[in-house]
file coords_30.pdb (PDB, C-alpha atoms)
ATOM      1  CA  MET A  65      13.111   2.229 -13.187
ATOM      2  CA  GLN A  66      10.171   4.407 -14.201
ATOM      3  CA  ALA A  67       8.283   1.342 -15.447
ATOM      4  CA  ILE A  68       8.915  -0.432 -12.136
ATOM      5  CA  ALA A  69       7.686   2.631 -10.234
ATOM      6  CA  LEU A  70       4.574   2.820 -12.426
ATOM      7  CA  ASN A  71       3.876  -0.862 -11.842
ATOM      8  CA  GLY A  72       4.255  -0.277  -8.099
ATOM      9  CA  ILE A  73       1.855   2.666  -8.244
ATOM     10  CA  GLU A  74      -0.710   0.546 -10.085
ATOM     11  CA  PHE A  75      -0.392  -2.318  -7.594
ATOM     12  CA  GLN A  76      -0.434  -0.087  -4.525
ATOM     13  CA  SER A  77      -3.370   1.949  -5.859
ATOM     14  CA  GLY A  78      -5.384  -1.249  -5.847
ATOM     15  CA  ARG A  79      -4.218  -1.903  -2.300
ATOM     16  CA  ALA A  80      -5.248   1.610  -1.253
ATOM     17  CA  ILE A  81      -8.573   1.851  -3.101
ATOM     18  CA  GLY A  82      -9.735  -1.769  -2.803
ATOM     19  CA  PRO A  83     -10.219  -1.990   0.986
ATOM     20  CA  ALA A  84     -11.832   1.446   1.130
ATOM     21  CA  LEU A  85     -14.237   0.627  -1.701
ATOM     22  CA  GLY A  86     -14.965  -2.828  -0.270
ATOM     23  CA  GLY A  87     -15.668  -1.412   3.183
ATOM     24  CA  PHE A  88     -17.931   1.263   1.729
ATOM     25  CA  LEU A  89     -19.875  -1.277  -0.334
ATOM     26  CA  ILE A  90     -20.273  -3.632   2.631
ATOM     27  CA  ALA A  91     -21.533  -0.772   4.807
ATOM     28  CA  ALA A  92     -23.915   0.454   2.099
ATOM     29  CA  LEU A  93     -25.211  -2.826   0.627
ATOM     30  CA  GLY A  94     -24.451  -5.533   3.174
ATOM     31  CA  ILE A  95     -22.084  -8.453   2.952
ATOM     32  CA  THR A  96     -24.458 -10.729   1.009
ATOM     33  CA  ALA A  97     -24.934  -8.207  -1.797
ATOM     34  CA  VAL A  98     -21.198  -7.478  -2.032
ATOM     35  CA  PHE A  99     -20.373 -11.205  -2.118
ATOM     36  CA  SER A 100     -22.955 -11.685  -4.878
ATOM     37  CA  LEU A 101     -21.536  -8.729  -6.810
ATOM     38  CA  ASN A 102     -18.049 -10.228  -6.540
ATOM     39  CA  ALA A 103     -19.314 -13.604  -7.777
ATOM     40  CA  ALA A 104     -21.117 -11.928 -10.691
ATOM     41  CA  SER A 105     -17.913 -10.137 -11.699
ATOM     42  CA  TYR A 106     -16.333 -13.535 -12.346
ATOM     43  CA  LEU A 107     -19.145 -14.367 -14.752
ATOM     44  CA  GLY A 108     -17.922 -11.516 -16.969
ATOM     45  CA  VAL A 109     -14.407 -12.953 -16.943
ATOM     46  CA  LEU A 110     -15.714 -16.405 -17.841
ATOM     47  CA  TRP A 111     -17.781 -14.901 -20.688
ATOM     48  CA  VAL A 112     -14.676 -13.186 -22.146
ATOM     49  CA  ILE A 113     -12.609 -16.379 -21.884
ATOM     50  CA  ALA A 114     -15.358 -18.434 -23.555
ATOM     51  CA  ARG A 115     -15.583 -15.993 -26.509
ATOM     52  CA  TRP A 116     -11.815 -15.606 -26.901
ATOM     53  CA  LYS A 117     -10.627 -16.524 -30.375
ATOM     54  CA  ARG A 118      -7.184 -17.999 -30.140
ATOM     55  CA  PRO A 119      -4.811 -17.444 -33.043
ATOM     56  CA  PRO A 120      -4.162 -20.592 -35.082
ATOM     57  CA  HIS A 121      -1.209 -22.664 -33.925
ATOM     58  CA  GLN A 122       1.835 -21.796 -36.008
ATOM     59  CA  THR A 123       4.491 -24.360 -36.636
ATOM     60  CA  GLY A 124       7.941 -23.424 -37.720
ATOM     61  CA  ALA A 125       9.980 -21.361 -35.306
ATOM     62  CA  LEU A 126      11.146 -23.276 -32.272
ATOM     63  CA  ARG A 127       9.484 -22.179 -29.083
ATOM     64  CA  GLU A 128      11.097 -22.290 -25.683
ATOM     65  CA  THR A 129       9.331 -24.412 -23.099
ATOM     66  CA  VAL A 130       8.474 -23.032 -19.685
ATOM     67  CA  SER A 131      10.821 -25.457 -17.937
ATOM     68  CA  GLY A 132      13.617 -24.515 -20.344
ATOM     69  CA  ALA A 133      13.050 -20.814 -19.679
ATOM     70  CA  ILE A 134      13.122 -21.423 -15.915
ATOM     71  CA  ARG A 135      16.388 -23.352 -16.204
ATOM     72  CA  ALA A 136      17.905 -20.539 -18.281
ATOM     73  CA  ALA A 137      16.782 -17.927 -15.742
ATOM     74  CA  VAL A 138      18.229 -19.914 -12.829
ATOM     75  CA  ARG A 139      21.488 -20.429 -14.734
ATOM     76  CA  TYR A 140      21.724 -16.702 -15.533
ATOM     77  CA  THR A 141      20.916 -15.674 -11.964
ATOM     78  CA  ARG A 142      23.445 -18.099 -10.500
ATOM     79  CA  ASN A 143      26.182 -16.469 -12.587
ATOM     80  CA  ALA A 144      25.162 -12.829 -11.958
ATOM     81  CA  PRO A 145      26.443 -11.647  -8.558
ATOM     82  CA  GLU A 146      24.549  -8.346  -8.801
ATOM     83  CA  ILE A 147      21.226 -10.132  -9.163
ATOM     84  CA  LEU A 148      22.078 -12.553  -6.353
ATOM     85  CA  THR A 149      22.811  -9.575  -4.095
ATOM     86  CA  VAL A 150      19.490  -7.929  -4.923
ATOM     87  CA  LEU A 151      17.572 -11.184  -4.444
ATOM     88  CA  GLY A 152      19.317 -11.808  -1.120
ATOM     89  CA  ARG A 153      18.467  -8.335   0.145
ATOM     90  CA  ILE A 154      14.856  -8.515  -1.000
ATOM     91  CA  GLY A 155      14.465 -11.999   0.463
ATOM     92  CA  SER A 156      15.809 -11.006   3.869
ATOM     93  CA  ILE A 157      13.683  -7.844   3.994
ATOM     94  CA  MET A 158      10.522  -9.673   2.940
ATOM     95  CA  PHE A 159      11.165 -12.517   5.397
ATOM     96  CA  PHE A 160      11.013 -10.114   8.319
ATOM     97  CA  ALA A 161       8.368  -7.823   6.784
ATOM     98  CA  SER A 162       6.006 -10.779   6.366
ATOM     99  CA  ALA A 163       5.621 -10.906  10.149
ATOM    100  CA  PHE A 164       4.368  -7.333  10.061
ATOM    101  CA  TRP A 165       1.743  -8.111   7.411
ATOM    102  CA  ALA A 166       0.749 -11.334   9.172
ATOM    103  CA  LEU A 167       0.184  -9.530  12.493
ATOM    104  CA  LEU A 168      -1.539  -6.440  11.079
ATOM    105  CA  PRO A 169      -5.081  -7.920  11.321
ATOM    106  CA  THR A 170      -4.441  -8.902  14.950
ATOM    107  CA  VAL A 171      -3.159  -5.441  15.858
ATOM    108  CA  ALA A 172      -6.126  -3.794  14.151
ATOM    109  CA  HIS A 173      -8.517  -6.128  15.969
ATOM    110  CA  GLU A 174      -6.906  -5.379  19.349
ATOM    111  CA  LEU A 175      -7.119  -1.629  18.777
ATOM    112  CA  ARG A 176     -10.737  -1.679  17.621
ATOM    113  CA  ARG A 177     -12.937  -4.702  17.276
ATOM    114  CA  SER A 178     -14.015  -3.779  13.764
ATOM    115  CA  ALA A 179     -12.847  -4.618  10.280
ATOM    116  CA  THR A 180     -12.986  -0.907   9.471
ATOM    117  CA  LEU A 181      -9.634  -0.137  11.116
ATOM    118  CA  TYR A 182      -7.913  -2.955   9.227
ATOM    119  CA  GLY A 183      -9.303  -1.660   5.927
ATOM    120  CA  LEU A 184      -8.209   1.847   6.871
ATOM    121  CA  LEU A 185      -4.690   0.637   7.715
ATOM    122  CA  LEU A 186      -4.426  -1.157   4.363
ATOM    123  CA  THR A 187      -5.641   1.982   2.617
ATOM    124  CA  VAL A 188      -3.077   4.146   4.416
ATOM    125  CA  PHE A 189      -0.224   1.742   3.633
ATOM    126  CA  GLY A 190      -1.271   1.576  -0.010
ATOM    127  CA  ALA A 191      -1.504   5.367  -0.246
ATOM    128  CA  GLY A 192       1.923   5.705   1.376
ATOM    129  CA  ALA A 193       3.380   3.253  -1.132
ATOM    130  CA  VAL A 194       1.854   5.190  -4.030
ATOM    131  CA  LEU A 195       3.277   8.435  -2.643
ATOM    132  CA  GLY A 196       6.661   6.748  -2.187
ATOM    133  CA  ALA A 197       6.674   5.523  -5.776
ATOM    134  CA  MET A 198       5.784   9.007  -6.985
ATOM    135  CA  VAL A 199       8.792  10.603  -5.239
ATOM    136  CA  LEU A 200      11.117   7.696  -6.011
ATOM    137  CA  GLN A 201      12.761   9.293  -9.038
ATOM    138  CA  ARG A 202      13.670  12.470  -7.172
ATOM    139  CA  THR A 203      14.900  10.469  -4.183
ATOM    140  CA  ARG A 204      17.043   8.273  -6.446
ATOM    141  CA  SER A 205      18.868  11.380  -7.649
ATOM    142  CA  LEU A 206      19.771  12.262  -4.037
ATOM    143  CA  PHE A 207      20.933   8.852  -2.768
ATOM    144  CA  ARG A 208      22.859   5.862  -4.074
ATOM    145  CA  SER A 209      20.800   2.682  -4.472
ATOM    146  CA  ASP A 210      22.441   1.005  -1.455
ATOM    147  CA  ALA A 211      21.780   4.046   0.739
ATOM    148  CA  LEU A 212      18.182   4.278  -0.466
ATOM    149  CA  LEU A 213      17.578   0.592   0.272
ATOM    150  CA  GLY A 214      19.098   0.957   3.737
ATOM    151  CA  LEU A 215      17.050   4.077   4.453
ATOM    152  CA  GLY A 216      13.801   2.466   3.308
ATOM    153  CA  THR A 217      14.432  -0.696   5.311
ATOM    154  CA  THR A 218      15.310   1.309   8.427
ATOM    155  CA  VAL A 219      12.208   3.499   8.159
ATOM    156  CA  PHE A 220       9.972   0.446   7.627
ATOM    157  CA  ALA A 221      11.545  -1.400  10.566
ATOM    158  CA  GLY A 222      11.343   1.677  12.780
ATOM    159  CA  ARG A 223       7.688   2.284  12.004
ATOM    160  CA  SER A 224       6.814  -1.389  12.422
ATOM    161  CA  GLY A 225       8.245  -1.366  15.938
ATOM    162  CA  ALA A 226       6.240   1.731  16.848
ATOM    163  CA  TRP A 227       2.854  -0.007  17.005
ATOM    164  CA  PRO A 228       1.125   0.389  20.359
ATOM    165  CA  HIS A 229       1.355  -2.761  22.411
ATOM    166  CA  SER A 230      -1.673  -3.994  24.297
ATOM    167  CA  ASN A 231      -1.487  -5.429  27.769
ATOM    168  CA  PRO A 232      -3.386  -8.696  28.280
TER     169      PRO A 232
END

call {"tool": "encode", "arguments": {"input": "coords_30.pdb", "output": "structure tokens"}}
result
Amino acid sequence: MQAIALNGIEFQSGRAIGPALGGFLIAALGITAVFSLNAASYLGVLWVIARWKRPPHQTGALRETVSGAIRAAVRYTRNAPEILTVLGRIGSIMFFASAFWALLPTVAHELRRSATLYGLLLTVFGAGAVLGAMVLQRTRSLFRSDALLGLGTTVFAGRSGAWPHSNP
């Protein structure tokens, strides 16, 4: 659980810092310079890949193919009711939450005709997710997993419905 929380913090930190840094760089340098800087960053990745020394191919031990691993994972999941329950819950939550993320740019644009608000909203959501991951362990000691999932889903749904609505 701690590793999952740490992974979430790392991912959400990028979500929180990235838009703020990108917006700052665009305001300071202009969009052309930032686009060029982004393109140049890929040159570094290509340089590392080109210089990468792969270990020699070892024969001997049988290796599992990707398709075989996928079939084994599907077979395991199909026969594990606990995992099916978790996947069903996550799938249903993400199905409805995707509408929120899809409409967020439109809401930000309606509130203020600037990309700044959208970047700020992404930063705030990322920071909230990082804060949530940091208090997750303490919260898990207070609630059962089912109650925690229900509470989190309810809070997310309640906050998503609280956006100001604009009149055409």

call {"tool": "axis_aligned_box", "arguments": {"input": "coords_30.pdb", "around": "range 186-198 of chain A", "padding_each_side": "8 Å", "output": "AutoDock Vina command-line options"}}
result
--center_x 0.5 --center_y 3.9 --center_z -1.3 --size_x 28.3 --size_y 26.2 --size_z 27.4

call {"tool": "atom_distance", "arguments": {"input": "coords_30.pdb", "atom1": "CA of Ile157 in chain A", "atom2": "CA of Thr217 in chain A"}}
result
7.3 Å

call {"tool": "atom_distance", "arguments": {"input": "coords_30.pdb", "atom1": "CA of Val188 in chain A", "atom2": "CA of Gly82 in chain A"}}
result
11.5 Å

call {"tool": "closest_residue", "arguments": {"input": "coords_30.pdb", "among": "A:Pro83, A:Phe75, A:Gly216, A:Phe164", "to": "Leu181 in chain A", "atoms": "only C-alpha atoms"}}
result
A:Pro83

call {"tool": "residues_around", "arguments": {"input": "coords_30.pdb", "residues": "Leu186 in chain A", "least_positions_apart": "2", "cutoff": "7 Å", "atoms": "only C-alpha atoms", "output": "PyMOL selection string"}}
result
chain A and resi 79-80+83+182-184+188-190

call {"tool": "closest_residue", "arguments": {"input": "coords_30.pdb", "among": "A:Leu167, A:Ala114, A:Leu151, A:Ala67", "to": "Leu200 in chain A", "atoms": "only C-alpha atoms"}}
result
A:Ala67

call {"tool": "residues_around", "arguments": {"input": "coords_30.pdb", "residues": "Gly72 in chain A", "least_positions_apart": "4", "cutoff": "8 Å", "atoms": "all atoms listed in the file", "output": "PyMOL selection string"}}
result
chain A and resi 68+76+193-194+197

call {"tool": "atom_distance", "arguments": {"input": "coords_30.pdb", "atom1": "CA of Phe99 in chain A", "atom2": "CA of Glu174 in chain A"}}
result
26.0 Å

call {"tool": "closest_residue", "arguments": {"input": "coords_30.pdb", "among": "A:Leu148, A:Ala97, A:Leu212, A:Ala221", "to": "Ala163 in chain A", "atoms": "all atoms listed in the file"}}
result
A:Ala221

call {"tool": "closest_residue", "arguments": {"input": "coords_30.pdb", "among": "A:Ala211, A:Leu185, A:Leu110, A:Ile73", "to": "Val171 in chain A", "atoms": "all atoms listed in the file"}}
result
A:Leu185

call {"tool": "decode", "arguments": {"input": "coords_30.pdb", "residues": "range 70-82 of chain A", "atoms": "all heavy atoms", "output": "PDB file, in the first residue's frame"}}
result
ATOM      1  N   LEU A  70       3.126   5.973  -2.767  1.00  0.00           N
ATOM      2  CA  LEU A  70       4.311   6.685  -3.247  1.00  0.00           C
ATOM      3  C   LEU A  70       4.255   6.866  -4.759  1.00  0.00           C
ATOM      4  O   LEU A  70       4.591   7.942  -5.278  1.00  0.00           O
ATOM      5  CB  LEU A  70       5.570   5.931  -2.835  1.00  0.00           C
ATOM      6  CG  LEU A  70       6.892   6.616  -3.151  1.00  0.00           C
ATOM      7  CD1 LEU A  70       6.978   7.962  -2.436  1.00  0.00           C
ATOM      8  CD2 LEU A  70       8.051   5.728  -2.739  1.00  0.00           C
ATOM      9  N   ASN A  71       3.819   5.841  -5.465  1.00  0.00           N
ATOM     10  CA  ASN A  71       3.667   5.951  -6.913  1.00  0.00           C
ATOM     11  C   ASN A  71       2.629   7.015  -7.250  1.00  0.00           C
ATOM     12  O   ASN A  71       2.821   7.808  -8.178  1.00  0.00           O
ATOM     13  CB  ASN A  71       3.263   4.595  -7.506  1.00  0.00           C
ATOM     14  CG  ASN A  71       3.177   4.649  -9.016  1.00  0.00           C
ATOM     15  OD1 ASN A  71       3.945   5.339  -9.669  1.00  0.00           O
ATOM     16  ND2 ASN A  71       2.223   3.919  -9.571  1.00  0.00           N
ATOM     17  N   GLY A  72       1.533   7.051  -6.498  1.00  0.00           N
ATOM     18  CA  GLY A  72       0.512   8.073  -6.720  1.00  0.00           C
ATOM     19  C   GLY A  72       1.045   9.471  -6.459  1.00  0.00           C
ATOM     20  O   GLY A  72       0.744  10.412  -7.201  1.00  0.00           O
ATOM     21  N   ILE A  73       1.849   9.619  -5.409  1.00  0.00           N
ATOM     22  CA  ILE A  73       2.441  10.922  -5.106  1.00  0.00           C
ATOM     23  C   ILE A  73       3.345  11.363  -6.252  1.00  0.00           C
ATOM     24  O   ILE A  73       3.297  12.519  -6.688  1.00  0.00           O
ATOM     25  CB  ILE A  73       3.218  10.872  -3.776  1.00  0.00           C
ATOM     26  CG1 ILE A  73       2.245  10.771  -2.608  1.00  0.00           C
ATOM     27  CG2 ILE A  73       4.113  12.091  -3.622  1.00  0.00           C
ATOM     28  CD1 ILE A  73       2.917  10.519  -1.266  1.00  0.00           C
ATOM     29  N   GLU A  74       4.147  10.445  -6.759  1.00  0.00           N
ATOM     30  CA  GLU A  74       5.059  10.774  -7.861  1.00  0.00           C
ATOM     31  C   GLU A  74       4.271  11.195  -9.102  1.00  0.00           C
ATOM     32  O   GLU A  74       4.566  12.211  -9.727  1.00  0.00           O
ATOM     33  CB  GLU A  74       5.942   9.557  -8.154  1.00  0.00           C
ATOM     34  CG  GLU A  74       6.910   9.750  -9.279  1.00  0.00           C
ATOM     35  CD  GLU A  74       6.391   9.203 -10.592  1.00  0.00           C
ATOM     36  OE1 GLU A  74       5.576   8.283 -10.581  1.00  0.00           O
ATOM     37  OE2 GLU A  74       6.821   9.723 -11.638  1.00  0.00           O
ATOM     38  N   PHE A  75       3.234  10.456  -9.429  1.00  0.00           N
ATOM     39  CA  PHE A  75       2.422  10.764 -10.610  1.00  0.00           C
ATOM     40  C   PHE A  75       1.691  12.092 -10.433  1.00  0.00           C
ATOM     41  O   PHE A  75       1.688  12.944 -11.324  1.00  0.00           O
ATOM     42  CB  PHE A  75       1.422   9.627 -10.859  1.00  0.00           C
ATOM     43  CG  PHE A  75       0.503   9.868 -12.006  1.00  0.00           C
ATOM     44  CD1 PHE A  75       0.936   9.692 -13.309  1.00  0.00           C
ATOM     45  CD2 PHE A  75      -0.806  10.274 -11.792  1.00  0.00           C
ATOM     46  CE1 PHE A  75       0.087   9.923 -14.376  1.00  0.00           C
ATOM     47  CE2 PHE A  75      -1.661  10.500 -12.850  1.00  0.00           C
ATOM     48  CZ  PHE A  75      -1.209  10.325 -14.154  1.00  0.00           C
ATOM     49  N   GLN A  76       1.079  12.283  -9.283  1.00  0.00           N
ATOM     50  CA  GLN A  76       0.304  13.493  -9.040  1.00  0.00           C
ATOM     51  C   GLN A  76       1.200  14.714  -8.875  1.00  0.00           C
ATOM     52  O   GLN A  76       0.779  15.829  -9.171  1.00  0.00           O
ATOM     53  CB  GLN A  76      -0.589  13.317  -7.822  1.00  0.00           C
ATOM     54  CG  GLN A  76      -1.627  12.209  -7.969  1.00  0.00           C
ATOM     55  CD  GLN A  76      -2.579  12.430  -9.137  1.00  0.00           C
ATOM     56  OE1 GLN A  76      -2.733  13.523  -9.646  1.00  0.00           O
ATOM     57  NE2 GLN A  76      -3.218  11.366  -9.585  1.00  0.00           N
ATOM     58  N   SER A  77       2.425  14.526  -8.395  1.00  0.00           N
ATOM     59  CA  SER A  77       3.360  15.655  -8.310  1.00  0.00           C
ATOM     60  C   SER A  77       3.645  16.195  -9.699  1.00  0.00           C
ATOM     61  O   SER A  77       3.706  17.409  -9.909  1.00  0.00           O
ATOM     62  CB  SER A  77       4.671  15.232  -7.644  1.00  0.00           C
ATOM     63  OG  SER A  77       4.454  14.892  -6.308  1.00  0.00           O
ATOM     64  N   GLY A  78       3.813  15.298 -10.645  1.00  0.00           N
ATOM     65  CA  GLY A  78       3.999  15.723 -12.034  1.00  0.00           C
ATOM     66  C   GLY A  78       2.780  16.454 -12.555  1.00  0.00           C
ATOM     67  O   GLY A  78       2.893  17.452 -13.275  1.00  0.00           O
ATOM     68  N   ARG A  79       1.601  16.002 -12.167  1.00  0.00           N
ATOM     69  CA  ARG A  79       0.366  16.656 -12.583  1.00  0.00           C
ATOM     70  C   ARG A  79       0.239  18.036 -11.942  1.00  0.00           C
ATOM     71  O   ARG A  79      -0.318  18.958 -12.529  1.00  0.00           O
ATOM     72  CB  ARG A  79      -0.839  15.800 -12.210  1.00  0.00           C
ATOM     73  CG  ARG A  79      -2.148  16.430 -12.627  1.00  0.00           C
ATOM     74  CD  ARG A  79      -3.310  15.647 -12.130  1.00  0.00           C
ATOM     75  NE  ARG A  79      -3.619  14.582 -13.067  1.00  0.00           N
ATOM     76  CZ  ARG A  79      -4.597  13.722 -12.886  1.00  0.00           C
ATOM     77  NH1 ARG A  79      -5.317  13.769 -11.795  1.00  0.00           N
ATOM     78  NH2 ARG A  79      -4.841  12.802 -13.772  1.00  0.00           N
ATOM     79  N   ALA A  80       0.738  18.185 -10.729  1.00  0.00           N
ATOM     80  CA  ALA A  80       0.643  19.465 -10.027  1.00  0.00           C
ATOM     81  C   ALA A  80       1.713  20.440 -10.507  1.00  0.00           C
ATOM     82  O   ALA A  80       1.439  21.616 -10.724  1.00  0.00           O
ATOM     83  CB  ALA A  80       0.766  19.253  -8.520  1.00  0.00           C
ATOM     84  N   ILE A  81       2.946  19.958 -10.672  1.00  0.00           N
ATOM     85  CA  ILE A  81       4.060  20.846 -11.000  1.00  0.00           C
ATOM     86  C   ILE A  81       4.120  21.138 -12.500  1.00  0.00           C
ATOM     87  O   ILE A  81       4.428  22.255 -12.905  1.00  0.00           O
ATOM     88  CB  ILE A  81       5.387  20.229 -10.512  1.00  0.00           C
ATOM     89  CG1 ILE A  81       5.366  20.133  -8.979  1.00  0.00           C
ATOM     90  CG2 ILE A  81       6.582  21.030 -10.981  1.00  0.00           C
ATOM     91  CD1 ILE A  81       6.489  19.293  -8.395  1.00  0.00           C
ATOM     92  N   GLY A  82       3.806  20.147 -13.323  1.00  0.00           N
ATOM     93  CA  GLY A  82       3.920  20.302 -14.773  1.00  0.00           C
ATOM     94  C   GLY A  82       3.150  21.478 -15.352  1.00  0.00           C
ATOM     95  O   GLY A  82       3.733  22.325 -16.049  1.00  0.00           O
TER      96      GLY A  82
END
